[in-house]
Amino acid sequence: KKFILIIMNKKLSKQKKFINDGVFFSELNELLSRELADEGYTNVEIRRTPLKTEIILKMTQTYSILGSRGRRIKEINGLIKKRFRFDGKSLEIYVEKIINKNLCAISQAESLRYKLLKGMVIRRACYGTLRATMESGAKGCIISVSGKLRAQRAKTMKFIDGYIIHSGQPAEEYIEKATRHCFLRQGVIGIKISIMLPWDPAGITGPKKPLPDVVTVLENKLNL
């Protein structure tokens with residue numbers, strides 16, 4: 001008797017595929033955040049094709065990772081292949097530079113964290129970050145700093161400027177959020193930044209879709 005074994009690749013259901021993609025993105029983002037925190041890393045974009053996987057790193061500065069003959073990006077490529085078990089040529093990494101880093105919440109949170117680590121006064125550091133964000137064209141910004149700021153008792157300080165929304169679908173498209181932790185001698189200080197992006201029809205500095213409550217008044221057409 002001959003037994004013919006037919007092995008079929010079971011296709012993942014849509015639900016499991018979304019879960020696997022989300023877990024992969026979260027682990028990759030955490031890995032890159034730890035490795036490239038000092039080199040201006042902000043976010044990652046993943047594009048999948050049948051033959052390869054493309055990973056696009058969004059950085060505030062590209063020289064640190066592309067300089068010295070691409071040694072650093074080769075290290076990151078090897079690290080990702082070893083961690084997630086990619087084949088030899090099935091992974092490609094690209095680097096994209098952010099046009100306006102002052103409108104990126106992650107970049108501003110990292111900048112504020114370094115200011116606090118250097119010993120700058122909290123109010124001065126927060127107001128400087130807030131002013132730089134608003135001067136770059138943001139609609140609004142909220143900076144929240146919590147922890148043992150001055151005395152032994154922990155408290156929260158908020159710095160707000162401009163107009164910002166908190167609910168609905170536009171909040172998902174227009175609001176950028178970031179959270180960072182600053183380890184000081186007196187304890188851990190938490191930093192939260194929310195930036196409301198401006199409307200941009202070109203989709204470069206902000207969403208293409210305008211807010212739903214924006215009213216545009218058109219001029220009357222003359223009947224000739």
# chains A, B, ... in the order shown; residues from 1 in each chain; ligands from 1
>>> residues_around(residues="region 167-172 of chain A", least_positions_apart="5", cutoff="12 Å", atoms="only C-alpha atoms", output="list in words")
Lys177, Ser194, Ile195, Met196, Leu197, Pro198, Trp199, Gly206, Pro207, Lys208, Lys209, Pro210, Leu211, Pro212, Asp213 and Val214 of chain A
>>> write_last_selection(atoms="C-alpha atoms", output="tab-separated table (two decimals), in the first residue's frame")
chain	number	residue	atom	x	y	z
A	177	LYS	CA	0.40	61.31	20.45
A	194	SER	CA	-0.50	65.53	21.76
A	195	ILE	CA	-0.21	67.60	18.57
A	196	MET	CA	-3.08	68.55	16.28
A	197	LEU	CA	-1.83	68.61	12.70
A	198	PRO	CA	-2.98	71.26	10.20
A	199	TRP	CA	-5.13	70.44	7.19
A	206	GLY	CA	-1.23	66.92	7.64
A	207	PRO	CA	-4.32	64.96	6.56
A	208	LYS	CA	-5.87	65.57	3.14
A	209	LYS	CA	-9.41	65.29	4.45
A	210	PRO	CA	-10.71	68.52	6.07
A	211	LEU	CA	-12.51	68.59	9.40
A	212	PRO	CA	-16.24	67.86	9.10
A	213	ASP	CA	-17.28	71.13	10.79
A	214	VAL	CA	-15.33	73.34	8.40
>>> residues_around(residues="Arg83 (chain A)", least_positions_apart="5", cutoff="12 Å", atoms="only C-alpha atoms", output="ChimeraX atom specification")
/A:24,27-28,31-32,76-78
>>> select_by_dssp(residues="region 7-205 of chain A", states="alpha helix (DSSP H)", output="number ranges by chain")
A: 14-35, 63-84, 105-117, 122-135, 169-174
>>> residues_around(residues="region 57-71 of chain A", least_positions_apart="2", cutoff="9 Å", atoms="only C-alpha atoms", output="list of chain:residue names")
A:Leu32, A:Leu36, A:Glu39, A:Gly40, A:Tyr41, A:Thr42, A:Asn43, A:Val44, A:Glu45, A:Ile46, A:Ile55, A:Ile73, A:Lys74, A:Glu75, A:Ile76, A:Ile93, A:Tyr94, A:Val95, A:Glu96, A:Lys97, A:Ile98, A:Ile99, A:Asn100, A:Lys101, A:Ser107
>>> write_last_selection(atoms="N, CA, C and O atoms", output="tab-separated table (two decimals), in the first residue's frame")
chain	number	residue	atom	x	y	z
A	32	LEU	N	13.05	48.81	17.27
A	32	LEU	CA	13.69	49.95	16.63
A	32	LEU	C	13.73	51.16	17.55
A	32	LEU	O	14.67	51.95	17.50
A	36	LEU	N	17.35	52.70	17.99
A	36	LEU	CA	17.58	53.96	17.28
A	36	LEU	C	17.02	55.16	18.00
A	36	LEU	O	16.70	56.18	17.37
A	39	GLU	N	19.11	58.26	17.53
A	39	GLU	CA	19.42	58.61	16.14
A	39	GLU	C	18.22	59.19	15.40
A	39	GLU	O	18.23	59.28	14.18
A	40	GLY	N	17.17	59.57	16.13
A	40	GLY	CA	16.05	60.27	15.51
A	40	GLY	C	14.97	59.38	14.94
A	40	GLY	O	14.23	59.80	14.04
A	41	TYR	N	14.82	58.16	15.46
A	41	TYR	CA	13.76	57.27	14.96
A	41	TYR	C	12.40	57.75	15.47
A	41	TYR	O	12.24	58.10	16.64
A	42	THR	N	11.39	57.76	14.59
A	42	THR	CA	10.05	58.19	14.98
A	42	THR	C	8.99	57.12	14.72
A	42	THR	O	8.14	56.88	15.57
A	43	ASN	N	9.03	56.47	13.56
A	43	ASN	CA	7.98	55.50	13.23
A	43	ASN	C	8.48	54.56	12.15
A	43	ASN	O	9.55	54.76	11.57
A	44	VAL	N	7.71	53.51	11.88
A	44	VAL	CA	8.06	52.53	10.87
A	44	VAL	C	6.82	52.20	10.04
A	44	VAL	O	5.70	52.21	10.54
A	45	GLU	N	7.06	51.93	8.76
A	45	GLU	CA	5.99	51.53	7.84
A	45	GLU	C	6.38	50.21	7.20
A	45	GLU	O	7.53	50.04	6.77
A	46	ILE	N	5.44	49.27	7.15
A	46	ILE	CA	5.71	47.93	6.62
A	46	ILE	C	4.89	47.72	5.35
A	46	ILE	O	3.68	47.93	5.35
A	55	ILE	N	10.58	47.48	4.75
A	55	ILE	CA	10.45	48.21	6.01
A	55	ILE	C	11.01	49.61	5.79
A	55	ILE	O	12.16	49.76	5.39
A	73	ILE	N	22.83	50.73	9.02
A	73	ILE	CA	21.61	50.15	8.47
A	73	ILE	C	21.81	48.66	8.18
A	73	ILE	O	20.86	47.86	8.26
A	74	LYS	N	23.05	48.25	7.88
A	74	LYS	CA	23.32	46.83	7.71
A	74	LYS	C	23.21	46.08	9.04
A	74	LYS	O	22.73	44.94	9.08
A	75	GLU	N	23.63	46.73	10.12
A	75	GLU	CA	23.48	46.12	11.45
A	75	GLU	C	22.00	45.94	11.80
A	75	GLU	O	21.59	44.89	12.32
A	76	ILE	N	21.19	46.97	11.50
A	76	ILE	CA	19.74	46.88	11.78
A	76	ILE	C	19.10	45.80	10.92
A	76	ILE	O	18.24	45.04	11.39
A	93	ILE	N	15.29	47.32	3.66
A	93	ILE	CA	15.07	48.43	4.59
A	93	ILE	C	15.38	49.73	3.86
A	93	ILE	O	16.43	49.88	3.24
A	94	TYR	N	14.45	50.68	3.96
A	94	TYR	CA	14.63	52.02	3.40
A	94	TYR	C	14.51	53.04	4.53
A	94	TYR	O	13.94	52.76	5.59
A	95	VAL	N	15.03	54.22	4.28
A	95	VAL	CA	15.00	55.31	5.26
A	95	VAL	C	14.32	56.51	4.63
A	95	VAL	O	14.65	56.92	3.52
A	96	GLU	N	13.35	57.07	5.35
A	96	GLU	CA	12.63	58.26	4.88
A	96	GLU	C	12.79	59.37	5.92
A	96	GLU	O	12.58	59.15	7.12
A	97	LYS	N	13.16	60.55	5.45
A	97	LYS	CA	13.37	61.67	6.36
A	97	LYS	C	12.07	62.44	6.55
A	97	LYS	O	11.36	62.72	5.59
A	98	ILE	N	11.76	62.78	7.81
A	98	ILE	CA	10.57	63.56	8.11
A	98	ILE	C	10.82	65.01	7.74
A	98	ILE	O	11.86	65.59	8.08
A	99	ILE	N	9.85	65.61	7.03
A	99	ILE	CA	10.04	66.97	6.53
A	99	ILE	C	10.06	67.98	7.68
A	99	ILE	O	10.95	68.81	7.78
A	100	ASN	N	9.07	67.91	8.56
A	100	ASN	CA	8.97	68.87	9.66
A	100	ASN	C	8.95	68.08	10.97
A	100	ASN	O	7.92	67.54	11.37
A	101	LYS	N	10.10	68.00	11.64
A	101	LYS	CA	10.17	67.20	12.86
A	101	LYS	C	9.44	67.83	14.03
A	101	LYS	O	9.09	67.14	14.99
A	107	SER	N	9.20	62.84	18.06
A	107	SER	CA	10.43	63.64	18.02
A	107	SER	C	10.43	64.70	19.10
A	107	SER	O	11.45	64.91	19.79
>>> residues_around(residues="Cys182 (chain A)", least_positions_apart="6", cutoff="9 Å", atoms="only C-alpha atoms", output="PyMOL selection string")
chain A and resi 113-114+116-117+188-191
>>> atom_distance(atom1="CA of Arg47 (chain A)", atom2="CA of Phe25 (chain A)")
11.0 Å
>>> closest_residue(among="A:Thr179, A:Ser136, A:Gln108, A:Gln186", to="Ala151 (chain A)", atoms="only C-alpha atoms")
A:Gln186
>>> closest_residue(among="A:Cys104, A:Ala202, A:Leu218, A:Leu51", to="Ser90 (chain A)", atoms="only C-alpha atoms")
A:Leu51
>>> select_by_dssp(residues="chain A", states="strand (DSSP E or B)", output="count of residues only")
58
>>> atom_distance(atom1="CA of Gly128 (chain A)", atom2="CA of Ile143 (chain A)")
11.1 Å
>>> residues_around(residues="Met134 (chain A)", least_positions_apart="5", cutoff="8 Å", atoms="only C-alpha atoms", output="list in words")
Lys139, Gly140, Cys141, Asp161 and Gly162 of chain A
>>> atom_distance(atom1="CA of Arg72 (chain A)", atom2="CA of Asp87 (chain A)")
19.7 Å
>>> closest_residue(among="A:Ala138, A:Val217, A:Ser144, A:Pro50", to="Ile164 (chain A)", atoms="only C-alpha atoms")
A:Ala138
>>> closest_residue(among="A:Arg124, A:Lys115, A:Val145, A:Leu91", to="Arg48 (chain A)", atoms="only C-alpha atoms")
A:Leu91
>>> closest_residue(among="A:Glu176, A:Glu54, A:Glu219, A:Asp38", to="Glu92 (chain A)", atoms="only C-alpha atoms")
A:Glu54
>>> closest_residue(among="A:Ile56, A:Leu112, A:Arg150, A:Thr205", to="Ala178 (chain A)", atoms="only C-alpha atoms")
A:Leu112
